[in-house]
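A.B. asks: Just so it is clear, I am handing over coords_25.txt, which has compact mmCIF, C-alpha atoms.
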```txt
# COMPACT_ATOMS: atom_id res chain seq x y z
CA MET A 1 -4.01 -6.52 3.69
CA ASN A 2 -0.52 -5.82 5.03
CA HIS A 3 -1.68 -4.37 8.34
CA LEU A 4 -4.25 -7.13 8.84
CA LEU A 5 -1.54 -9.75 8.50
CA ALA A 6 0.93 -7.78 10.64
CA LEU A 7 -1.43 -7.14 13.55
CA SER A 8 -2.97 -10.61 13.57
CA CYS A 9 0.38 -12.42 13.56
CA HIS A 10 1.81 -9.97 16.08
CA SER A 11 -1.10 -10.51 18.45
CA LEU A 12 -0.80 -14.28 18.04
CA ASP A 13 2.90 -14.14 18.94
CA VAL A 14 2.16 -12.07 22.04
CA GLY A 15 -0.72 -14.28 23.19
CA ASN A 16 -4.01 -13.26 21.54
CA MET A 17 -5.69 -15.68 19.15
CA SER A 18 -9.07 -14.09 18.35
CA PRO A 19 -7.79 -11.21 16.14
CA LEU A 20 -6.12 -13.78 13.87
CA PHE A 21 -9.46 -15.24 12.76
CA TRP A 22 -11.14 -11.85 12.24
CA ALA A 23 -8.19 -10.42 10.31
CA PHE A 24 -7.67 -13.43 8.07
CA GLU A 25 -11.36 -13.49 7.16
CA GLU A 26 -11.21 -9.89 5.96
CA ARG A 27 -7.90 -10.53 4.23
CA GLU A 28 -9.41 -13.48 2.39
CA ARG A 29 -12.13 -11.23 1.00
CA LEU A 30 -9.54 -8.74 -0.18
CA MET A 31 -7.61 -11.47 -1.97
CA GLU A 32 -10.83 -12.49 -3.70
CA PHE A 33 -11.03 -8.96 -5.13
CA TYR A 34 -7.44 -9.34 -6.31
CA GLU A 35 -8.33 -12.60 -8.02
CA ARG A 36 -11.41 -11.19 -9.71
CA VAL A 37 -9.47 -8.29 -11.20
CA SER A 38 -6.10 -9.82 -12.12
CA GLY A 39 -6.46 -13.58 -11.72
CA ALA A 40 -3.83 -13.71 -8.95
CA ARG A 41 -4.68 -13.85 -5.27
CA MET A 42 -1.52 -12.31 -3.81
CA HIS A 43 0.74 -11.04 -6.62
CA ALA A 44 -1.86 -8.93 -8.40
CA ALA A 45 -1.01 -7.53 -11.83
CA PHE A 46 -3.54 -4.75 -12.35
CA TYR A 47 -1.24 -2.03 -13.66
CA ARG A 48 0.07 -2.55 -17.18
CA PRO A 49 2.59 -0.47 -19.18
CA ASN A 50 0.61 2.43 -20.66
CA ASP A 51 -2.63 0.60 -19.94
CA LEU A 52 -4.84 -0.99 -17.29
CA ASP A 53 -6.56 -4.34 -17.14
CA TRP A 54 -10.24 -3.38 -17.20
CA THR A 55 -11.62 -6.88 -17.75
CA GLY A 56 -12.44 -7.58 -14.09
CA LEU A 57 -14.12 -4.26 -13.34
CA ASN A 58 -17.89 -4.16 -13.55
CA HIS A 59 -20.88 -2.92 -11.58
CA GLN A 60 -21.04 -5.98 -9.35
CA PHE A 61 -17.36 -5.66 -8.46
CA PHE A 62 -17.73 -2.11 -7.16
CA LEU A 63 -20.90 -3.08 -5.32
CA ASP A 64 -19.06 -5.92 -3.57
CA VAL A 65 -16.19 -3.58 -2.66
CA ALA A 66 -18.67 -1.16 -1.09
CA LEU A 67 -20.29 -3.95 0.94
CA PHE A 68 -16.87 -5.16 2.09
CA ALA A 69 -15.80 -1.67 3.17
CA ARG A 70 -19.00 -1.33 5.17
CA ASP A 71 -18.55 -4.66 6.96
CA CYS A 72 -14.81 -4.16 7.45
CA PHE A 73 -15.47 -1.39 9.98
CA LYS A 74 -17.09 -3.94 12.28
CA SER A 75 -14.16 -6.35 12.12
CA LEU A 76 -11.61 -3.60 12.68
CA THR A 77 -13.56 -2.37 15.69
CA GLU A 78 -13.66 -5.89 17.14
CA ILE A 79 -9.89 -6.28 16.72
CA PHE A 80 -9.23 -2.85 18.21
CA ALA A 81 -11.54 -3.40 21.17
CA ILE A 82 -10.25 -6.86 22.05
CA LEU A 83 -6.63 -5.70 22.03
CA THR A 84 -6.92 -2.32 23.73
CA THR A 85 -8.91 -3.85 26.61
CA ASN A 86 -6.46 -6.71 27.08
CA SER A 87 -4.10 -5.98 29.95
CA ILE A 88 -1.55 -8.55 28.75
CA TRP A 89 -1.36 -6.97 25.30
CA LYS A 90 -0.89 -3.48 26.71
CA THR A 91 1.70 -4.63 29.25
CA ARG A 92 3.74 -6.39 26.56
CA LEU A 93 3.67 -3.36 24.20
CA ILE A 94 3.60 -0.11 26.18
CA GLY A 95 7.12 1.15 26.75
CA VAL A 96 8.69 -1.76 24.85
CA GLY A 97 10.88 -1.07 21.80
CA SER A 98 10.94 2.69 22.24
CA ILE A 99 13.15 4.84 20.03
CA ASN A 100 13.69 8.58 19.87
CA ILE A 101 13.70 11.00 16.96
CA ASN A 102 17.48 10.90 16.55
CA ASP A 103 17.53 7.11 16.23
CA ALA A 104 14.66 7.08 13.74
CA VAL A 105 16.36 9.65 11.50
CA ALA A 106 19.87 8.15 11.85
CA TYR A 107 18.71 4.68 10.83
CA SER A 108 16.55 5.92 7.92
CA ALA A 109 13.32 4.65 9.40
CA SER A 110 10.07 5.15 7.53
CA GLY A 111 6.42 4.22 7.66
CA PRO A 112 4.75 3.60 11.03
CA VAL A 113 8.16 3.26 12.70
CA ILE A 114 9.22 6.85 12.09
CA ARG A 115 5.68 8.20 12.50
CA SER A 116 5.53 6.61 15.96
CA VAL A 117 8.13 9.13 17.20
CA GLY A 118 6.13 12.11 15.91
CA ILE A 119 7.76 12.74 12.52
CA LYS A 120 5.20 13.20 9.76
CA LYS A 121 7.00 11.42 6.94
CA ASP A 122 4.59 10.08 4.36
CA MET A 123 5.42 9.91 0.65
CA ARG A 124 1.75 10.37 -0.24
CA PHE A 125 1.83 13.94 1.08
CA TYR A 126 5.02 15.02 -0.75
CA LYS A 127 4.20 17.37 -3.59
CA SER A 128 7.41 16.34 -5.40
CA GLU A 129 6.75 12.61 -5.03
CA THR A 130 2.97 12.43 -5.24
CA TYR A 131 1.43 9.52 -7.11
CA ALA A 132 -1.88 7.68 -7.54
CA SER A 133 -3.86 10.97 -7.31
CA TYR A 134 -3.64 11.15 -3.51
CA TRP A 135 -3.81 14.95 -3.75
CA PHE A 136 -7.41 14.67 -4.91
CA LEU A 137 -8.46 12.79 -1.78
CA SER A 138 -9.02 13.88 1.80
CA ILE A 139 -6.62 11.63 3.70
CA HIS A 140 -4.93 11.84 7.07
CA SER A 141 -1.65 10.60 8.50
CA PHE A 142 -1.32 9.56 12.14
CA LEU A 143 1.57 10.15 14.54
CA GLY A 144 2.69 8.74 17.87
CA LYS A 145 4.47 10.27 20.83
CA ARG A 146 6.48 7.66 22.69
CA GLY A 147 7.83 5.69 19.73
CA ASP A 148 7.09 2.34 21.39
CA SER A 149 5.40 -0.79 20.10
CA TYR A 150 1.96 0.31 21.31
CA ASP A 151 2.17 3.54 19.29
CA ARG A 152 3.01 1.57 16.17
CA PHE A 153 0.02 -0.69 16.84
CA LEU A 154 -2.32 2.29 17.16
CA ILE A 155 -0.97 3.88 13.98
CA ARG A 156 -1.61 0.71 11.97
CA VAL A 157 -5.16 0.39 13.28
CA ARG A 158 -5.89 4.02 12.40
CA GLU A 159 -4.37 3.57 8.95
CA MET A 160 -6.67 0.62 8.29
CA TYR A 161 -9.68 2.77 9.19
CA GLU A 162 -8.30 5.47 6.90
CA SER A 163 -7.89 2.95 4.08
CA VAL A 164 -11.59 2.08 4.29
CA ASN A 165 -12.34 5.80 4.22
CA ILE A 166 -10.23 6.17 1.06
CA VAL A 167 -12.14 3.33 -0.59
CA PHE A 168 -15.45 5.05 0.17
CA GLN A 169 -14.15 8.33 -1.27
CA ILE A 170 -13.03 6.70 -4.50
CA LEU A 171 -16.30 4.80 -4.91
CA SER A 172 -18.21 8.01 -4.36
CA ASN A 173 -16.10 9.89 -6.92
CA LEU A 174 -16.45 7.14 -9.53
CA THR A 175 -20.19 6.61 -9.27
CA ASN A 176 -21.44 10.12 -8.44
CA ASN A 177 -19.35 12.49 -10.54
CA THR A 178 -21.81 15.38 -11.04
CA SER A 179 -21.01 18.69 -12.70
CA PHE A 180 -23.17 21.84 -12.82
CA THR A 181 -23.32 24.42 -15.62
CA ASN A 182 -24.15 28.01 -14.69
CA SER A 183 -25.56 29.00 -18.07
CA SER A 184 -28.37 26.50 -18.46
CA GLN A 185 -28.59 25.43 -14.80
CA LYS A 186 -28.64 21.83 -15.92
CA VAL A 187 -27.08 18.92 -14.11
CA ASN A 188 -24.80 16.72 -16.19
CA THR A 189 -24.33 13.39 -14.44
CA PHE A 190 -21.43 11.28 -15.66
CA SER A 191 -21.52 7.60 -14.84
CA PHE A 192 -18.23 5.83 -14.37
CA PHE A 193 -19.72 2.59 -15.61
CA ASP A 194 -20.63 4.24 -18.92
CA PHE A 195 -17.00 5.29 -19.24
CA LEU A 196 -15.89 1.75 -18.32
CA HIS A 197 -18.11 0.27 -21.00
CA GLN A 198 -16.70 2.68 -23.58
CA VAL A 199 -13.10 1.82 -22.65
CA LYS A 200 -13.76 -1.91 -23.03
CA LYS A 201 -15.45 -1.28 -26.36
CA ASN A 202 -12.48 0.71 -27.64
CA GLN A 203 -10.04 -1.96 -26.51
CA LEU A 204 -11.95 -4.67 -28.33
CA ASN A 205 -11.96 -2.60 -31.52
CA LYS A 206 -8.26 -1.77 -31.19
CA THR A 207 -6.27 -3.74 -33.78
CA THR A 208 -2.68 -3.36 -34.95
CA LYS A 209 -2.11 -3.43 -38.69
CA TYR A 210 1.26 -3.51 -40.41
CA THR A 211 1.51 -2.49 -44.04
CA SER A 212 5.16 -3.49 -44.55
CA MET A 213 7.64 -6.05 -43.33
CA GLU A 214 10.01 -3.29 -42.13
CA THR A 215 7.35 -1.93 -39.77
CA LEU A 216 6.72 -5.38 -38.33
CA ILE A 217 10.47 -5.96 -37.83
CA ASN A 218 10.87 -2.64 -36.02
CA HIS A 219 7.93 -3.50 -33.81
CA PHE A 220 9.47 -6.90 -32.99
CA LYS A 221 12.90 -5.39 -32.25
CA THR A 222 11.37 -2.81 -29.91
CA TYR A 223 9.59 -5.45 -27.83
CA SER A 224 12.45 -7.97 -27.89
CA GLU A 225 15.41 -5.64 -27.30
CA GLY A 226 13.67 -3.03 -25.19
CA ILE A 227 13.88 0.75 -25.20
CA ARG A 228 17.25 2.45 -24.90
CA ILE A 229 17.27 4.73 -21.87
CA PRO A 230 19.55 7.80 -21.77
CA LYS A 231 22.50 7.69 -19.38
CA GLY A 232 21.79 8.90 -15.86
CA PHE A 233 20.48 8.07 -12.41
CA THR A 234 16.93 8.07 -11.10
CA TYR A 235 15.21 7.16 -7.85
CA ASN A 236 11.50 6.83 -7.28
CA ALA A 237 9.69 5.68 -4.16
CA VAL A 238 6.17 4.97 -2.94
CA GLU A 239 4.67 4.84 0.54
CA ALA A 240 4.32 1.09 1.06
CA PRO A 241 2.49 -0.22 4.16
CA LYS A 242 5.82 -1.05 5.83
CA GLY A 243 7.49 2.24 4.89
CA GLU A 244 9.33 3.87 2.01
CA PHE A 245 9.80 1.44 -0.87
CA GLY A 246 12.07 2.83 -3.56
CA VAL A 247 13.97 1.76 -6.65
CA SER A 248 17.16 3.44 -7.89
CA ILE A 249 18.41 2.74 -11.41
CA ILE A 250 21.68 3.71 -13.10
CA SER A 251 21.53 3.65 -16.89
CA ASP A 252 24.53 3.32 -19.20
CA GLY A 253 22.60 4.09 -22.37
CA THR A 254 21.53 0.55 -23.20
CA SER A 255 18.20 -1.23 -22.87
CA LYS A 256 19.34 -2.92 -19.63
CA PRO A 257 20.20 -0.96 -16.46
CA TYR A 258 23.83 -0.85 -15.31
CA ARG A 259 22.70 -1.10 -11.69
CA CYS A 260 19.34 -1.54 -9.98
CA LYS A 261 18.97 -1.15 -6.22
CA ILE A 262 15.69 -1.86 -4.44
CA ARG A 263 15.29 0.02 -1.17
CA THR A 264 13.10 -2.00 1.19
CA PRO A 265 11.94 -0.61 4.57
CA ALA A 266 12.42 -3.94 6.39
CA TYR A 267 16.16 -3.96 5.70
CA HIS A 268 16.61 -0.54 7.33
CA HIS A 269 14.33 -1.34 10.26
CA MET A 270 16.39 -4.42 11.11
CA HIS A 271 19.31 -2.11 11.92
CA ILE A 272 17.32 -0.41 14.70
CA MET A 273 16.76 -3.68 16.56
CA PRO A 274 19.85 -3.32 18.84
CA ARG A 275 18.60 0.13 19.93
CA MET A 276 15.04 -1.03 20.49
CA VAL A 277 15.80 -4.07 22.64
CA GLN A 278 18.22 -2.39 25.04
CA GLY A 279 17.12 -3.01 28.64
CA HIS A 280 14.39 -5.51 27.71
CA TYR A 281 13.98 -9.25 28.20
CA LEU A 282 14.59 -11.89 25.55
CA ALA A 283 10.84 -12.50 25.30
CA ASP A 284 10.40 -8.87 24.24
CA LEU A 285 12.25 -9.59 20.98
CA VAL A 286 9.04 -11.06 19.58
CA THR A 287 7.13 -7.90 20.50
CA VAL A 288 9.68 -5.56 18.96
CA LEU A 289 10.05 -7.62 15.81
CA GLY A 290 6.28 -7.82 15.32
CA SER A 291 5.83 -4.08 15.86
CA GLN A 292 8.32 -3.36 13.08
CA ASP A 293 6.40 -5.64 10.65
CA ILE A 294 9.51 -7.19 9.11
CA VAL A 295 9.53 -9.81 6.36
CA PHE A 296 12.89 -11.56 6.25
CA GLY A 297 12.56 -12.36 2.58
CA ASP A 298 12.32 -8.62 2.10
CA VAL A 299 15.53 -8.18 4.07
CA ASP A 300 17.41 -10.76 1.98
CA ARG A 301 16.46 -8.97 -1.23
```
Kindly return the structure encoded in the file as structure tokens.
C.D. replies:
Amino acid sequence: MNHLLALSCHSLDVGNMSPLFWAFEERERLMEFYERVSGARMHAAFYRPNDLDWTGLNHQFFLDVALFARDCFKSLTEIFAILTTNSIWKTRLIGVGSININDAVAYSASGPVIRSVGIKKDMRFYKSETYASYWFLSIHSFLGKRGDSYDRFLIRVREMYESVNIVFQILSNLTNNTSFTNSSQKVNTFSFFDFLHQVKKNQLNKTTKYTSMETLINHFKTYSEGIRIPKGFTYNAVEAPKGEFGVSIISDGTSKPYRCKIRTPAYHHMHIMPRMVQGHYLADLVTVLGSQDIVFGDVDR
């Protein structure tokens, strides 16, 4: 969803209108999946503390996701073909907004910006920072050479293709999880939808009973006051579509953090703008800004 919005708006700013309609149509379908699962179109709330919201997941949902992933290849190919064969698009992007490795490292770049200079920095491949079971998937990261706006465009297109590939892998693992036993030579096929049905059944039967007033009071105090966290500092980050998105928290031993700092990639990429626009025209500011995929609300935060 992020790359579809970034590329379509970037192409519209440079002078191409057709990719906007293709990209927004696919993005609208993705937001429908968000709404079916969580009830929200943009700010989805699927993950819950110590739990997941399984109410929107059913057989029809996964079937629709598979059909979308199949059709999305066609739309991505249309966007890629119409832009790479457009001489105006290539003239406005190739060689514009170039940075070198030293600039990317010095300004703490991440995401497609730092990968466009040839540095393979992706939080999903870090063994110390892995999350969301990416190690169980066959995924690829893409690099550029020149570090210009055209390299960042190519990286985002390839990442969208890779995202569709990841969706197909997960659907295949969920629906066709087959295990073989050597002793009896029998095939034990486990259906994900059987597991899904069992989880929903257990959640419906899950009830909380309190036998004393003291237990109920303790339960209320835990949810109203929060959990006391030991003193210390922690930082955790994920590989967001725009780059490294991290949160650092300093605890003073209470239920509320002493300090919370959100590290957004757009704020750091804004600092590289003076280096990227050196020697270019004023009209190239739109190209450079669009290739960085910056949201100014993200910068203000």
A.B. asks: Can you work out which one of A:Phe68, A:Gly56, A:Ala45, A:Tyr150 has the shortest atom-to-atom distance to Arg27 of chain A, counting only C-alpha atoms?
C.D. replies: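 Looking only at the distances to Arg27 of chain A, the closest residue turns out to be A:Phe68.
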A.B. asks: Within 12 Å of Asn165 of chain A, counting only C-alpha atoms, which residues qualify if same-chain residues fewer than 5 places away don't, as a PDB file with C-alpha atoms, keeping the file's coordinate frame?
C.D. replies:
```
ATOM      1  CA  ALA A  66     -18.670  -1.160  -1.090  1.00  0.00           C
ATOM      2  CA  ALA A  69     -15.800  -1.670   3.170  1.00  0.00           C
ATOM      3  CA  ARG A  70     -19.000  -1.330   5.170  1.00  0.00           C
ATOM      4  CA  CYS A  72     -14.810  -4.160   7.450  1.00  0.00           C
ATOM      5  CA  PHE A  73     -15.470  -1.390   9.980  1.00  0.00           C
ATOM      6  CA  LEU A 137      -8.460  12.790  -1.780  1.00  0.00           C
ATOM      7  CA  SER A 138      -9.020  13.880   1.800  1.00  0.00           C
ATOM      8  CA  ILE A 139      -6.620  11.630   3.700  1.00  0.00           C
ATOM      9  CA  HIS A 140      -4.930  11.840   7.070  1.00  0.00           C
ATOM     10  CA  ARG A 158      -5.890   4.020  12.400  1.00  0.00           C
ATOM     11  CA  GLU A 159      -4.370   3.570   8.950  1.00  0.00           C
ATOM     12  CA  MET A 160      -6.670   0.620   8.290  1.00  0.00           C
ATOM     13  CA  ILE A 170     -13.030   6.700  -4.500  1.00  0.00           C
ATOM     14  CA  LEU A 171     -16.300   4.800  -4.910  1.00  0.00           C
ATOM     15  CA  SER A 172     -18.210   8.010  -4.360  1.00  0.00           C
TER      16      SER A 172
END
```
A.B. asks: Tell me which protein, DNA and RNA residues are within 10 Å of Met31 of chain A, counting all atoms listed in the file, leaving out same-chain ones fewer than 2 positions away, and put them as a list of chain:residue names.
C.D. replies: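 Using all atoms listed in the file, the neighbours found are A:Met1, A:Glu26, A:Arg27, A:Glu28, A:Arg29, A:Phe33, A:Tyr34, A:Glu35, A:Arg36, A:Val37, A:Ala40, A:Arg41, A:Met42, A:His43, A:Ala44.
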A.B. asks: Would you compute the distance between atom CA of Ala104 of chain A and atom CA of Pro19 of chain A? Give it in Å to one decimal.
C.D. replies: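 Atom CA of Pro19 of chain A lies 29.1 Å from atom CA of Ala104 of chain A.
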A.B. asks: Could you state the separation of atom CA of Val299 of chain A and atom CA of Asp103 of chain A in Å, given to one decimal place?
C.D. replies: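 Answer for the atom CA of Val299 of chain A to atom CA of Asp103 of chain A separation: 19.6 Å.
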A.B. asks: If you measure from atom CA of Ile88 of chain A to atom CA of Ile294 of chain A, what distance in Å do you get, rounded to one decimal?
C.D. replies: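 Computing it gives 22.6 Å between the two atoms.
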A.B. asks: Using all atoms listed in the file for the distances, tell me which of A:Thr55, A:Ala106, A:Ser8, A:Val164 is nearest to Leu67 of chain A.
C.D. replies: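 The closest residue to Leu67 of chain A is A:Val164.
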A.B. asks: Can you pull out the residues contacting Asp252 of chain A? Cut-off 9 Å, using only C-alpha atoms, and skip same-chain residues under 6 positions away; I want them as number ranges by chain.
C.D. replies: A: 229-232, 258-259
